[in-house]
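J.: Contents of data00.csv (CSV, C-alpha atoms) are below:
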chain,number,residue,atom,x,y,z
A,1,MET,CA,118.9,42.9,-85.8
A,2,VAL,CA,121.7,44.7,-84.0
A,3,THR,CA,120.5,48.0,-85.4
A,4,LYS,CA,117.0,47.3,-84.3
A,5,PHE,CA,118.1,46.5,-80.8
A,6,SER,CA,120.3,49.6,-80.6
A,7,ASN,CA,117.4,51.8,-81.9
A,8,TYR,CA,115.0,50.2,-79.4
A,9,LEU,CA,117.4,51.0,-76.6
A,10,ASN,CA,117.9,54.5,-77.9
A,11,TYR,CA,114.2,55.1,-78.1
A,12,THR,CA,113.5,53.6,-74.7
A,13,PHE,CA,116.4,55.2,-72.8
A,14,THR,CA,116.7,58.6,-74.4
A,15,LYS,CA,114.6,60.2,-71.6
A,16,TRP,CA,116.4,62.4,-69.1
A,17,TRP,CA,114.3,61.1,-66.2
A,18,ILE,CA,115.4,57.5,-67.0
A,19,CYS,CA,119.0,58.6,-67.3
A,20,LEU,CA,118.9,60.4,-63.9
A,21,LEU,CA,116.9,57.5,-62.3
A,22,PHE,CA,119.6,55.0,-63.2
A,23,LEU,CA,122.3,57.4,-62.1
A,24,VAL,CA,120.6,57.7,-58.7
A,25,ILE,CA,120.0,53.9,-58.5
A,26,SER,CA,123.7,53.3,-59.3
A,27,GLY,CA,124.8,55.9,-56.8
A,28,ILE,CA,122.7,54.2,-54.1
A,29,CYS,CA,124.0,50.7,-55.1
A,30,PHE,CA,127.7,51.7,-55.2
A,31,GLY,CA,127.6,54.3,-52.5
A,32,TYR,CA,125.5,52.6,-49.9
A,33,LEU,CA,124.4,49.0,-50.7
A,34,VAL,CA,127.7,47.6,-51.9
A,35,PRO,CA,129.8,48.9,-48.9
A,36,LYS,CA,127.2,47.7,-46.5
A,37,ALA,CA,127.0,44.3,-48.1
A,38,GLN,CA,130.8,44.0,-48.1
A,39,LYS,CA,131.2,44.6,-44.3
A,40,PRO,CA,130.7,40.9,-43.4
A,41,ILE,CA,133.4,39.9,-45.8
A,42,PHE,CA,136.0,41.8,-43.8
A,43,ALA,CA,134.5,41.2,-40.3
A,44,ASN,CA,137.2,38.6,-39.4
A,45,CYS,CA,139.9,39.7,-41.8
A,46,SER,CA,143.4,38.9,-40.5
A,47,ASP,CA,145.0,41.8,-42.5
A,48,ASN,CA,143.7,45.4,-41.9
A,49,ASN,CA,145.4,46.4,-45.2
A,50,VAL,CA,142.9,44.3,-47.2
A,51,THR,CA,139.9,46.5,-47.5
A,52,LYS,CA,138.7,45.9,-51.1
A,53,VAL,CA,137.3,42.9,-52.9
A,54,LEU,CA,139.1,41.7,-56.0
A,55,ASP,CA,136.7,43.3,-58.5
A,56,GLU,CA,137.3,46.8,-56.9
A,57,ARG,CA,141.0,46.7,-57.7
A,58,ILE,CA,141.6,49.1,-60.6
A,59,MET,CA,142.5,47.9,-63.3
A,60,THR,CA,143.0,44.3,-62.3
A,61,TRP,CA,144.5,41.9,-59.8
A,62,THR,CA,147.1,39.1,-59.8
A,63,ALA,CA,147.1,35.4,-58.8
A,64,ASP,CA,149.0,36.4,-55.7
A,65,ASP,CA,146.4,39.1,-54.9
A,66,ALA,CA,143.6,36.5,-55.1
A,67,LYS,CA,145.4,34.0,-52.9
A,68,GLN,CA,146.2,36.6,-50.3
A,69,PHE,CA,142.6,38.0,-50.4
A,70,TYR,CA,140.9,34.6,-50.0
A,71,GLU,CA,143.3,33.6,-47.2
A,72,VAL,CA,143.0,36.8,-45.1
A,73,ILE,CA,139.2,37.0,-45.2
A,74,GLY,CA,139.0,33.5,-43.8
A,75,SER,CA,136.3,30.9,-44.2
A,76,GLU,CA,133.6,33.2,-42.8
A,77,GLY,CA,134.7,36.0,-45.2
A,78,ARG,CA,134.6,33.6,-48.1
A,79,LYS,CA,131.0,32.6,-47.2
A,80,ALA,CA,130.1,36.2,-46.9
A,81,TYR,CA,131.7,36.9,-50.2
A,82,LYS,CA,129.6,34.2,-51.9
A,83,LEU,CA,126.4,35.7,-50.2
A,84,PHE,CA,127.4,39.1,-51.4
A,85,PHE,CA,127.2,37.9,-55.0
A,86,ILE,CA,124.0,36.0,-54.6
A,87,LYS,CA,122.2,38.7,-52.7
A,88,LEU,CA,123.5,41.8,-54.5
A,89,ASP,CA,126.4,41.8,-57.0
A,90,PHE,CA,125.0,39.4,-59.5
A,91,TRP,CA,121.8,41.5,-59.8
A,92,PHE,CA,121.9,45.2,-59.2
A,93,PRO,CA,125.1,47.4,-59.2
A,94,ALA,CA,126.6,46.8,-62.6
A,95,PHE,CA,123.2,46.3,-64.2
A,96,SER,CA,121.9,49.7,-63.0
A,97,ALA,CA,125.2,51.3,-64.1
A,98,SER,CA,124.9,49.7,-67.5
A,99,LEU,CA,121.3,51.1,-67.9
A,100,PHE,CA,122.6,54.5,-67.0
A,101,TYR,CA,125.4,54.2,-69.5
A,102,ILE,CA,123.0,53.0,-72.3
A,103,SER,CA,120.9,56.1,-71.6
A,104,LEU,CA,124.0,58.4,-71.6
A,105,LEU,CA,125.3,56.9,-74.9
A,106,SER,CA,121.8,57.0,-76.5
A,107,TYR,CA,121.8,60.8,-75.8
A,108,ALA,CA,125.3,61.3,-77.0
A,109,PHE,CA,124.8,59.3,-80.2
A,110,PRO,CA,121.1,59.5,-81.2
A,111,ILE,CA,119.3,57.3,-83.7
A,112,GLY,CA,120.4,58.2,-87.2
A,113,SER,CA,123.9,59.3,-86.1
A,114,LYS,CA,126.9,57.4,-87.5
A,115,TYR,CA,127.8,55.9,-84.1
A,116,SER,CA,124.4,55.3,-82.6
A,117,LYS,CA,125.2,51.6,-82.0
A,118,LEU,CA,127.7,52.6,-79.3
A,119,ASN,CA,124.8,52.4,-76.9
A,120,LEU,CA,125.4,48.7,-77.0
A,121,LEU,CA,128.8,49.0,-75.3
A,122,PRO,CA,127.4,48.9,-71.8
A,123,ILE,CA,126.0,45.5,-72.4
A,124,LEU,CA,129.5,44.2,-73.1
A,125,GLY,CA,130.7,45.9,-69.9
A,126,TRP,CA,127.9,44.3,-67.9
A,127,LEU,CA,128.7,40.9,-69.3
A,128,MET,CA,132.4,41.3,-68.3
A,129,ASP,CA,131.1,42.1,-64.8
A,130,VAL,CA,128.9,39.0,-64.8
A,131,PHE,CA,131.8,36.8,-65.9
A,132,GLU,CA,134.0,38.4,-63.3
A,133,ASN,CA,131.4,37.8,-60.5
A,134,ILE,CA,131.0,34.2,-61.5
A,135,ASN,CA,134.7,33.7,-61.4
A,136,HIS,CA,135.0,35.3,-57.9
A,137,TYR,CA,132.1,33.2,-56.6
A,138,ILE,CA,133.7,30.0,-57.9
A,139,MET,CA,137.1,31.0,-56.4
A,140,ALA,CA,135.5,31.8,-53.0
A,141,GLY,CA,133.9,28.3,-52.9
A,142,SER,CA,137.0,26.4,-54.1
A,143,TYR,CA,139.7,28.1,-51.9
A,144,PRO,CA,142.5,27.0,-51.3
A,145,ASN,CA,142.2,25.0,-54.6
A,146,LEU,CA,142.1,28.1,-56.9
A,147,SER,CA,142.2,26.9,-60.5
A,148,SER,CA,144.8,28.2,-62.9
A,149,PHE,CA,142.0,29.0,-65.3
A,150,SER,CA,140.3,31.3,-62.7
A,151,LEU,CA,143.6,32.9,-61.8
A,152,THR,CA,144.4,33.5,-65.5
A,153,ILE,CA,141.1,34.5,-67.0
A,154,GLY,CA,139.7,36.3,-63.9
A,155,PRO,CA,142.0,39.3,-64.1
A,156,LEU,CA,141.1,39.7,-67.8
A,157,PHE,CA,137.4,40.0,-66.9
A,158,THR,CA,138.2,42.6,-64.3
A,159,PHE,CA,140.4,44.5,-66.7
A,160,ALA,CA,137.8,44.5,-69.4
A,161,LYS,CA,135.1,45.6,-67.0
A,162,TRP,CA,137.2,48.6,-65.8
A,163,LEU,CA,138.0,49.4,-69.4
A,164,PHE,CA,134.3,49.8,-70.1
A,165,VAL,CA,133.6,51.6,-66.8
A,166,ILE,CA,136.3,54.2,-67.6
A,167,SER,CA,135.9,54.5,-71.4
A,168,ILE,CA,132.1,54.8,-71.7
A,169,PRO,CA,131.9,58.2,-70.0
A,170,ILE,CA,134.8,59.4,-72.1
A,171,ILE,CA,133.1,58.2,-75.3
A,172,ALA,CA,129.8,59.9,-74.2
A,173,LEU,CA,131.7,63.1,-73.5
A,174,ILE,CA,133.2,62.9,-77.0
A,175,GLY,CA,129.7,62.3,-78.5
A,176,PHE,CA,128.2,65.3,-76.6
A,177,THR,CA,131.1,67.5,-77.7
A,178,LEU,CA,130.7,66.5,-81.3
A,179,ARG,CA,127.0,67.2,-81.2
A,180,ILE,CA,127.7,70.7,-79.9
A,181,LEU,CA,130.3,71.3,-82.5
A,182,THR,CA,128.0,70.1,-85.2
A,183,LYS,CA,125.5,72.7,-84.2
A,184,TYR,CA,128.0,75.5,-84.5
A,185,VAL,CA,129.9,74.3,-87.5
A,186,LYS,CA,126.7,73.3,-89.4
A,187,THR,CA,128.4,70.1,-90.6
A,188,LYS,CA,127.2,66.7,-89.5
A,189,ILE,CA,130.2,65.2,-87.6
A,190,ILE,CA,128.4,62.2,-86.0
Output the file's structure in the form of structure tokens.

T.:
Amino acid sequence: MVTKFSNYLNYTFTKWWICLLFLVISGICFGYLVPKAQKPIFANCSDNNVTKVLDERIMTWTADDAKQFYEVIGSEGRKAYKLFFIKLDFWFPAFSASLFYISLLSYAFPIGSKYSKLNLLPILGWLMDVFENINHYIMAGSYPNLSSFSLTIGPLFTFAKWLFVISIPIIALIGFTLRILTKYVKTKII
């Protein structure tokens, strides 16, 4: 079943126009829509040094970071943060990036190659983002009573998400490099 799903994704997303389409959609989401949607979160922020939401902190955040963040954005910022998730972050940015990554990995590791199932990695990355978003949404609604569960598991979701975000392009680059080497060495590497 996993192989069939991976092959389906490979067949569907191994088209350059799809790869480029989701790259452009991701660029619009992260370059324009997300910053615009985040502005209300920081509109009444009491600390000018806090300019990023928790899930933008590479590689992760701490319990103290979360407490400070939810405090300085204030009640209006917390309401805006919850709306940010409902209107945008639950739906578009990470999902479009995941589809781009699926396409990229499907090109790097085509059907029949030893590592073709790597095109499933973006789904795991997207799930980490979903869990991270749910955690932040819950914390924004429960502040100042942030649960120890949220403060403990939340940074792990953020870390896992960033691990996928950073490693998938590297994995794709390795795949493309191996495909090029395979052509010149005449030995199937992948």

J.: Between atom CA of Leu23 of chain A and atom CA of Arg57 of chain A, measure the distance and give it in Å to one decimal.

T.: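 Here the two named atoms are 22.0 Å from each other.
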
J.: Residues near Thr60 of chain A, anyone? I mean within 8 Å using all atoms listed in the file, not counting same-chain ones fewer than 6 positions away, as a ChimeraX atom specification.

T.: /A:54,155-156,158-159

J.: I'd like a table as CSV: residues in segment 92-145 of chain A with an atom no more than 8 Å from segment 4-12 of chain A, each row giving the shortest atom pair and its distance in Å to one decimal, only C-alpha atoms counted, sorted by chain and rising residue number.

T.:
residue,atom,partner,partner_atom,distance
A:Ile102,CA,A:Leu9,CA,7.3
A:Ser103,CA,A:Asn10,CA,7.2
A:Ser106,CA,A:Asn10,CA,4.8
A:Tyr107,CA,A:Asn10,CA,7.7
A:Pro110,CA,A:Asn10,CA,6.8
A:Ile111,CA,A:Asn7,CA,6.1
A:Ser116,CA,A:Ser6,CA,7.3
A:Lys117,CA,A:Ser6,CA,5.5
A:Asn119,CA,A:Ser6,CA,6.5
A:Leu120,CA,A:Ser6,CA,6.3

J.: Using the selection just defined, write its residues with C-alpha atoms as a compact mmCIF listing (two decimals), in the coordinates of the input.

T.:
# COMPACT_ATOMS: atom_id res chain seq x y z
CA ILE A 102 123.00 53.00 -72.30
CA SER A 103 120.90 56.10 -71.60
CA SER A 106 121.80 57.00 -76.50
CA TYR A 107 121.80 60.80 -75.80
CA PRO A 110 121.10 59.50 -81.20
CA ILE A 111 119.30 57.30 -83.70
CA SER A 116 124.40 55.30 -82.60
CA LYS A 117 125.20 51.60 -82.00
CA ASN A 119 124.80 52.40 -76.90
CA LEU A 120 125.40 48.70 -77.00

J.: Take atom CA of Trp16 of chain A and atom CA of Leu181 of chain A and report the distance between them in Å, one decimal.

T.: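 About the pair atom CA of Trp16 of chain A and atom CA of Leu181 of chain A: they are 21.3 Å apart.
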
J.: Kindly provide the residues of segment 87-182 of chain A that approach segment 28-46 of chain A to within 8 Å, each paired with its closest atom pair and their distance in Å to one decimal, based on only C-alpha atoms, listed by chain and increasing number, as a Markdown table.

T.:
| residue | atom | partner | partner_atom | distance |
| --- | --- | --- | --- | --- |
| A:Leu88 | CA | A:Val34 | CA | 7.6 |
| A:Asp89 | CA | A:Val34 | CA | 7.8 |
| A:Phe92 | CA | A:Cys29 | CA | 7.2 |
| A:Pro93 | CA | A:Cys29 | CA | 5.4 |

J.: Could you pull out every residue with an atom within 10 Å of (124.9, 52.9, -67.4), file coordinates, counting all atoms listed in the file, and send them as JSON, numbers by chain?

T.: {"A": [19, 22, 23, 26, 93, 94, 95, 96, 97, 98, 99, 100, 101, 102, 103, 104, 105, 119, 121, 122, 123, 125, 126, 165, 168, 169]}

J.: Quote the spacing between atom CA of Thr3 of chain A and atom CA of Asn133 of chain A in Å to one decimal place.

T.: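 Answer for the atom CA of Thr3 of chain A to atom CA of Asn133 of chain A separation: 29.0 Å.
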